[in-house]
>>> print(open('model.txt').read())   # compact mmCIF, C-alpha atoms
# COMPACT_ATOMS: atom_id res chain seq x y z
CA MET A 19 -7.35 20.09 -59.44
CA LYS A 20 -4.01 19.82 -61.24
CA ARG A 21 -2.25 19.76 -57.88
CA ALA A 22 -4.47 16.92 -56.65
CA TYR A 23 -3.78 15.05 -59.89
CA GLU A 24 -0.02 15.44 -59.52
CA MET A 25 -0.14 14.37 -55.88
CA LEU A 26 -2.01 11.20 -56.83
CA LEU A 27 0.51 10.57 -59.60
CA ARG A 28 3.16 10.26 -56.90
CA LEU A 29 1.41 7.12 -55.68
CA TYR A 30 2.55 5.28 -58.82
CA PRO A 31 5.80 3.27 -58.88
CA ARG A 32 8.80 5.39 -59.78
CA ASP A 33 9.68 3.58 -63.02
CA TYR A 34 6.09 4.01 -64.21
CA ARG A 35 6.13 7.72 -63.34
CA GLU A 36 9.37 8.24 -65.24
CA SER A 37 7.85 6.82 -68.39
CA PHE A 38 4.30 8.15 -68.22
CA ALA A 39 3.82 10.97 -65.67
CA THR A 40 4.62 13.82 -68.08
CA GLU A 41 2.36 12.41 -70.78
CA MET A 42 -0.43 11.72 -68.30
CA SER A 43 -0.30 15.28 -66.93
CA SER A 44 -0.32 16.68 -70.44
CA ALA A 45 -3.29 14.52 -71.51
CA PHE A 46 -5.09 15.40 -68.29
CA GLU A 47 -4.61 19.15 -68.86
CA GLU A 48 -5.96 18.95 -72.41
CA ALA A 49 -8.92 16.84 -71.34
CA SER A 50 -9.49 19.20 -68.43
CA ARG A 51 -9.71 22.24 -70.73
CA ASP A 52 -12.10 20.40 -73.01
CA ARG A 53 -14.40 19.32 -70.15
CA ARG A 54 -14.43 22.75 -68.54
CA SER A 55 -15.76 24.18 -71.78
CA ARG A 56 -18.70 21.75 -71.58
CA GLY A 57 -19.95 23.15 -68.27
CA TRP A 58 -19.42 22.54 -64.56
CA GLY A 59 -21.49 19.38 -64.38
CA ALA A 60 -19.36 17.70 -67.05
CA TYR A 61 -16.21 18.99 -65.40
CA ALA A 62 -17.19 17.65 -61.96
CA ARG A 63 -17.92 14.18 -63.42
CA PHE A 64 -14.63 14.30 -65.28
CA ALA A 65 -12.72 15.30 -62.12
CA ILE A 66 -14.22 12.49 -60.03
CA THR A 67 -13.57 9.90 -62.76
CA GLU A 68 -9.99 11.07 -63.24
CA LEU A 69 -9.04 11.11 -59.56
CA ALA A 70 -10.71 7.78 -58.84
CA GLY A 71 -9.13 6.25 -61.97
CA LEU A 72 -5.74 7.51 -60.90
CA ALA A 73 -5.98 6.11 -57.37
CA LEU A 74 -7.17 2.75 -58.70
CA GLY A 75 -4.52 2.78 -61.43
CA ALA A 76 -1.76 3.39 -58.88
CA GLY A 77 -2.84 0.33 -56.91
CA MET A 78 -2.95 -1.79 -60.06
CA GLU A 79 0.48 -0.59 -61.16
CA TRP A 80 2.01 -1.48 -57.81
CA LEU A 81 0.41 -4.89 -58.08
CA ALA A 82 1.83 -5.29 -61.60
CA LYS A 83 5.26 -4.17 -60.45
CA LEU A 84 5.30 -6.56 -57.50
CA THR A 85 4.13 -9.52 -59.57
CA THR A 86 6.35 -8.96 -62.62
CA ASP A 87 9.94 -10.06 -62.79
CA ALA A 88 12.23 -7.00 -62.71
CA SER A 89 14.15 -8.19 -65.79
CA VAL A 90 10.90 -8.45 -67.80
CA ARG A 91 9.59 -5.09 -66.58
CA GLY A 92 12.98 -3.47 -67.21
CA ARG A 93 12.66 -4.19 -70.95
CA TYR A 94 9.92 -1.61 -71.37
CA LEU A 95 10.10 0.38 -68.10
CA PRO A 96 13.80 0.66 -67.26
CA ASP A 97 14.47 1.78 -63.68
CA ARG A 98 16.98 4.43 -64.56
CA LEU A 99 18.07 5.01 -60.98
CA LEU A 100 19.42 1.47 -60.95
CA MET A 101 21.22 1.91 -64.27
CA ARG A 102 24.79 3.10 -64.42
CA PRO A 103 24.96 6.28 -66.49
CA PRO A 104 27.44 6.34 -69.36
CA GLY A 105 30.91 7.47 -68.30
CA VAL A 106 30.39 6.69 -64.59
CA SER A 107 32.44 3.87 -63.15
CA TRP A 108 30.76 0.84 -61.56
CA GLU A 109 32.45 1.57 -58.22
CA ALA A 110 31.46 5.24 -58.25
CA HIS A 111 27.84 4.48 -59.12
CA TYR A 112 27.08 1.44 -57.00
CA GLY A 113 29.58 2.24 -54.25
CA GLY A 114 27.38 5.16 -53.23
CA ALA A 115 24.15 3.18 -53.46
CA GLY A 116 23.47 3.57 -49.76
CA GLN A 117 24.28 7.27 -49.78
CA HIS A 118 21.37 9.70 -49.43
CA VAL A 119 20.80 11.59 -52.68
CA PRO A 120 18.78 14.83 -52.48
CA GLU A 121 15.54 14.64 -54.48
CA GLU A 122 16.49 17.63 -56.60
CA LEU A 123 19.73 15.93 -57.59
CA GLY A 124 18.04 12.60 -58.25
CA MET A 125 15.52 14.28 -60.55
CA ALA A 126 18.29 16.08 -62.45
CA GLN A 127 20.17 12.80 -62.85
CA GLU A 128 17.03 11.08 -64.13
CA GLN A 129 16.34 13.90 -66.55
CA ALA A 130 19.84 13.67 -68.02
CA GLU A 131 19.50 9.90 -68.42
CA VAL A 132 16.08 10.17 -70.03
CA LEU A 133 17.52 12.62 -72.57
CA VAL A 134 20.40 10.26 -73.36
CA ASN A 135 17.96 7.43 -73.96
CA ARG A 136 15.80 9.63 -76.19
CA MET A 137 18.86 10.72 -78.14
CA VAL A 138 19.89 7.09 -78.68
CA HIS A 139 16.33 6.24 -79.72
CA ALA A 140 16.26 9.17 -82.17
CA ILE A 141 19.60 8.11 -83.69
CA SER A 142 18.44 4.52 -84.04
CA HIS A 143 15.41 5.82 -85.97
CA HIS A 144 17.63 8.05 -88.15
CA ASP A 145 16.02 11.14 -86.63
CA PHE A 146 19.23 13.16 -86.54
CA ARG A 147 17.51 16.50 -86.15
CA GLY A 148 15.70 15.24 -83.05
CA ALA A 149 18.92 13.66 -81.78
CA ARG A 150 20.69 17.01 -82.03
CA LEU A 151 17.92 18.69 -80.02
CA TYR A 152 18.12 15.99 -77.33
CA SER A 153 21.88 16.29 -77.34
CA ASP A 154 21.67 20.06 -76.69
CA GLU A 155 19.15 19.52 -73.91
CA GLU A 156 21.26 16.75 -72.44
CA ARG A 157 24.27 19.07 -72.34
CA GLN A 158 22.23 21.62 -70.41
CA ALA A 159 20.92 18.91 -68.08
CA ARG A 160 24.50 17.73 -67.41
CA GLU A 161 25.53 21.28 -66.59
CA ASN A 162 22.58 21.58 -64.21
CA LEU A 163 23.62 18.28 -62.65
CA ARG A 164 27.19 19.52 -62.22
CA ILE A 165 25.93 22.65 -60.43
CA LEU A 166 23.70 20.58 -58.14
CA ARG A 167 26.52 18.17 -57.34
CA ALA A 168 28.70 21.11 -56.39
CA LYS A 169 25.86 22.53 -54.29
CA TYR A 170 25.44 19.29 -52.34
CA GLN A 171 29.17 18.52 -52.44
CA ILE A 172 28.58 15.14 -54.07
CA ASN A 173 31.16 13.72 -56.45
CA ASN A 174 30.39 11.54 -59.48
CA MET B 9 5.58 -10.72 -92.11
CA ARG B 10 3.27 -13.17 -90.41
CA HIS B 11 2.85 -12.98 -86.64
CA VAL B 12 1.79 -15.93 -84.56
CA VAL B 13 -1.00 -15.12 -82.11
CA THR B 14 -0.68 -17.00 -78.86
CA GLU B 15 -3.39 -15.10 -76.93
CA THR B 16 -6.90 -16.21 -77.83
CA LYS B 17 -8.86 -14.66 -74.97
CA PRO B 18 -11.33 -11.94 -76.03
CA LEU B 19 -9.86 -8.47 -75.60
CA SER B 20 -11.21 -6.12 -72.96
CA GLU B 21 -13.12 -3.12 -74.26
CA PRO B 22 -10.40 -0.54 -73.40
CA VAL B 23 -7.77 -2.65 -75.18
CA LEU B 24 -9.97 -3.22 -78.22
CA LEU B 25 -10.71 0.51 -78.47
CA ILE B 26 -7.05 1.48 -78.10
CA LEU B 27 -5.92 -1.01 -80.76
CA THR B 28 -8.70 0.14 -83.09
CA SER B 29 -7.75 3.77 -82.56
CA LEU B 30 -4.12 3.05 -83.40
CA ALA B 31 -4.98 0.93 -86.45
CA ASP B 32 -4.85 3.80 -88.95
CA GLN B 33 -2.15 6.06 -87.49
CA PRO B 34 0.03 6.67 -84.42
CA ARG B 35 -1.65 8.70 -81.67
CA HIS B 36 -0.64 10.24 -78.37
CA GLY B 37 -2.56 10.13 -75.06
CA TYR B 38 -5.15 12.86 -75.45
CA ALA B 39 -5.68 12.08 -79.16
CA LEU B 40 -6.45 8.50 -78.11
CA ILE B 41 -8.95 9.66 -75.48
CA ARG B 42 -10.77 11.81 -78.03
CA ASP B 43 -10.70 9.18 -80.76
CA ILE B 44 -11.97 6.48 -78.43
CA GLU B 45 -14.83 8.74 -77.35
CA SER B 46 -15.66 9.29 -81.01
CA LEU B 47 -15.30 5.58 -81.94
CA SER B 48 -17.69 4.59 -79.16
CA GLY B 49 -20.22 7.28 -80.10
CA GLY B 50 -19.52 9.19 -76.87
CA ARG B 51 -20.22 6.16 -74.66
CA VAL B 52 -16.65 5.55 -73.48
CA ARG B 53 -14.65 8.39 -72.00
CA MET B 54 -11.43 6.77 -70.80
CA SER B 55 -9.67 8.32 -67.82
CA THR B 56 -5.94 8.94 -68.12
CA GLY B 57 -5.29 6.36 -65.37
CA THR B 58 -7.14 3.67 -67.31
CA LEU B 59 -5.63 4.67 -70.65
CA PHE B 60 -2.00 4.73 -69.56
CA GLY B 61 -2.39 1.56 -67.49
CA ALA B 62 -3.63 -0.18 -70.65
CA LEU B 63 -0.84 1.37 -72.73
CA ARG B 64 1.72 0.06 -70.23
CA ARG B 65 0.31 -3.47 -70.53
CA LEU B 66 0.22 -3.26 -74.34
CA LEU B 67 3.85 -2.12 -74.38
CA GLU B 68 4.71 -5.03 -72.11
CA ASP B 69 2.99 -7.46 -74.46
CA GLY B 70 4.67 -5.88 -77.48
CA TRP B 71 1.34 -5.05 -79.15
CA ILE B 72 2.20 -1.35 -79.40
CA GLU B 73 5.43 0.63 -79.45
CA ARG B 74 6.49 4.20 -78.84
CA PHE B 75 6.71 6.28 -81.96
CA GLU B 76 8.86 9.41 -82.17
CA GLN B 77 7.29 12.17 -84.25
CA GLU B 78 9.40 15.13 -85.35
CA ASP B 79 6.65 17.69 -85.07
CA THR B 80 5.31 16.52 -81.71
CA ALA B 81 6.18 18.02 -78.34
CA ARG B 82 7.99 15.71 -75.93
CA GLN B 83 5.09 15.44 -73.49
CA LYS B 84 3.01 14.01 -76.32
CA GLN B 85 4.64 10.65 -76.90
CA ALA B 86 2.85 8.85 -79.73
CA TYR B 87 2.16 5.11 -79.88
CA ARG B 88 1.60 2.83 -82.85
CA LEU B 89 0.57 -0.76 -83.43
CA THR B 90 3.24 -3.41 -83.89
CA GLY B 91 2.75 -6.34 -86.26
CA VAL B 92 1.67 -8.50 -83.32
CA GLY B 93 -0.83 -5.86 -82.18
CA ARG B 94 -2.30 -5.59 -85.67
CA THR B 95 -2.70 -9.37 -85.87
CA GLN B 96 -4.36 -9.47 -82.43
CA LEU B 97 -6.82 -6.78 -83.52
CA GLN B 98 -7.58 -8.66 -86.73
CA VAL B 99 -8.20 -11.89 -84.81
CA GLU B 100 -10.52 -10.13 -82.36
CA LEU B 101 -12.49 -8.39 -85.13
CA ASP B 102 -12.87 -11.71 -86.99
CA ARG B 103 -14.14 -13.31 -83.78
CA MET B 104 -16.64 -10.49 -83.27
CA LYS B 105 -17.75 -10.66 -86.91
CA GLN B 106 -18.39 -14.39 -86.60
CA LEU B 107 -20.35 -13.88 -83.36
CA THR B 108 -22.36 -11.03 -84.89
CA ARG B 109 -23.29 -13.15 -87.92
CA ALA B 110 -24.35 -16.05 -85.71
CA GLY B 111 -26.37 -13.71 -83.47
CA PHE B 112 -28.23 -12.11 -86.40
CA ALA B 113 -28.86 -15.49 -88.00
CA ARG B 114 -30.55 -16.74 -84.81
CA LEU B 115 -32.60 -13.55 -84.46
CA ARG B 116 -33.84 -13.94 -88.05
CA ALA B 117 -34.62 -17.61 -87.46
CA SER B 118 -36.67 -16.77 -84.36
CA GLU B 119 -38.71 -14.18 -86.32
CA LEU B 120 -39.81 -16.71 -88.95
>>> encode(input="model.txt", output="structure tokens")
Amino acid sequence: MKRAYEMLLRLYPRDYRESFATEMSSAFEEASRDRRSRGWGAYARFAITELAGLALGAGMEWLAKLTTDASVRGRYLPDRLLMRPPGVSWEAHYGGAGQHVPEELGMAQEQAEVLVNRMVHAISHHDFRGARLYSDEERQARENLRILRAKYQINN
Amino acid sequence: MRHVVTETKPLSEPVLLILTSLADQPRHGYALIRDIESLSGGRVRMSTGTLFGALRRLLEDGWIERFEQEDTARQKQAYRLTGVGRTQLQVELDRMKQLTRAGFARLRASEL
């Protein structure tokens, strides 16, 4: 069931997935545990509602993405793959825009950027303890990224 | 701070329930699902697809915002009402109160 849920999640636009997929999976898992404890009938109804809601939601999100100006949508759902990461030159980032990037590497890049954004958010809310945690995780993510770049022989 | 409400259309039920649920404290996805089920007396069980679609639209409209909680795991991002969201909820509840009063008044009048 979880696998089916995660497959359907892939139908959503990428920027939406980046912002909500982890939370949605987490909420789904908790709800799933709760429904299973109420018996198989309740669980089956829950499963059908969830999967149908997800498929319908994906269609609606694509519609919203296609009918909303990218600059407006970018204010609350930034497309991080289109954003230049800090410390990377414009030429290096956009010059390789047509280059194929392995999925594993793209995910690692996204993860590092998400952590930077969360760190900045934490600092702006004076949450310095949280910022330190994000900073540590970001350092690990950057190291992972470096290893993957070496593996695929891709420079910055 | 006073917020100007430009939207006067009645809110959809999922939106009204989400705003009501966030009125007293920030909540994350599953907490919202449970609270909404409780608020509606078990009648509304929102799917995650519906909930997060509505949250995305509310973020877009600036009625809610993400809220970082120290003691919350990362996969449980909390949301809270903004000033605009609170005003929208207030306007909708006033509208419903007015309609409810009018409805009861007519029912009483018809019983006389």
>>> interface_residues(input="model.txt", of="chain A", to="chain B", cutoff="10 Å", atoms="only C-alpha atoms", output="PyMOL selection string")
chain A and resi 27+34+37-49+64-76+78-79+82+90-95+136+139-140+143+145+147-148
>>> axis_aligned_box(input="model.txt", around="region 128-131 of chain A", padding_each_side="8 Å", output="lines of an AutoDock Vina configuration file")
center_x = 18.1
center_y = 11.9
center_z = -66.3
size_x = 19.5
size_y = 20.0
size_z = 20.3
>>> closest_residue(input="model.txt", among="B:Leu24, B:Val99, B:Leu66, B:Leu30", to="Ser48 (chain B)", atoms="only C-alpha atoms")
B:Leu24
>>> residues_around(input="model.txt", residues="Arg88 (chain B)", least_positions_apart="4", cutoff="10 Å", atoms="all atoms listed in the file", output="PyMOL selection string")
chain B and resi 26-27+29-36+71-76+93-94
>>> write_last_selection(input="model.txt", atoms="C-alpha atoms", output="mmCIF file, in the coordinates of the input")
data_model
loop_
_atom_site.group_PDB
_atom_site.id
_atom_site.type_symbol
_atom_site.label_atom_id
_atom_site.label_comp_id
_atom_site.auth_asym_id
_atom_site.auth_seq_id
_atom_site.Cartn_x
_atom_site.Cartn_y
_atom_site.Cartn_z
ATOM 1 C CA ILE B 26 -7.050 1.480 -78.100
ATOM 2 C CA LEU B 27 -5.920 -1.010 -80.760
ATOM 3 C CA SER B 29 -7.750 3.770 -82.560
ATOM 4 C CA LEU B 30 -4.120 3.050 -83.400
ATOM 5 C CA ALA B 31 -4.980 0.930 -86.450
ATOM 6 C CA ASP B 32 -4.850 3.800 -88.950
ATOM 7 C CA GLN B 33 -2.150 6.060 -87.490
ATOM 8 C CA PRO B 34 0.030 6.670 -84.420
ATOM 9 C CA ARG B 35 -1.650 8.700 -81.670
ATOM 10 C CA HIS B 36 -0.640 10.240 -78.370
ATOM 11 C CA TRP B 71 1.340 -5.050 -79.150
ATOM 12 C CA ILE B 72 2.200 -1.350 -79.400
ATOM 13 C CA GLU B 73 5.430 0.630 -79.450
ATOM 14 C CA ARG B 74 6.490 4.200 -78.840
ATOM 15 C CA PHE B 75 6.710 6.280 -81.960
ATOM 16 C CA GLU B 76 8.860 9.410 -82.170
ATOM 17 C CA GLY B 93 -0.830 -5.860 -82.180
ATOM 18 C CA ARG B 94 -2.300 -5.590 -85.670
#
>>> atom_distance(input="model.txt", atom1="CA of Leu163 (chain A)", atom2="CA of Ser142 (chain A)")
26.0 Å
>>> atom_distance(input="model.txt", atom1="CA of His144 (chain A)", atom2="CA of Thr95 (chain B)")
26.9 Å
>>> atom_distance(input="model.txt", atom1="CA of Leu123 (chain A)", atom2="CA of Asp87 (chain A)")
28.3 Å
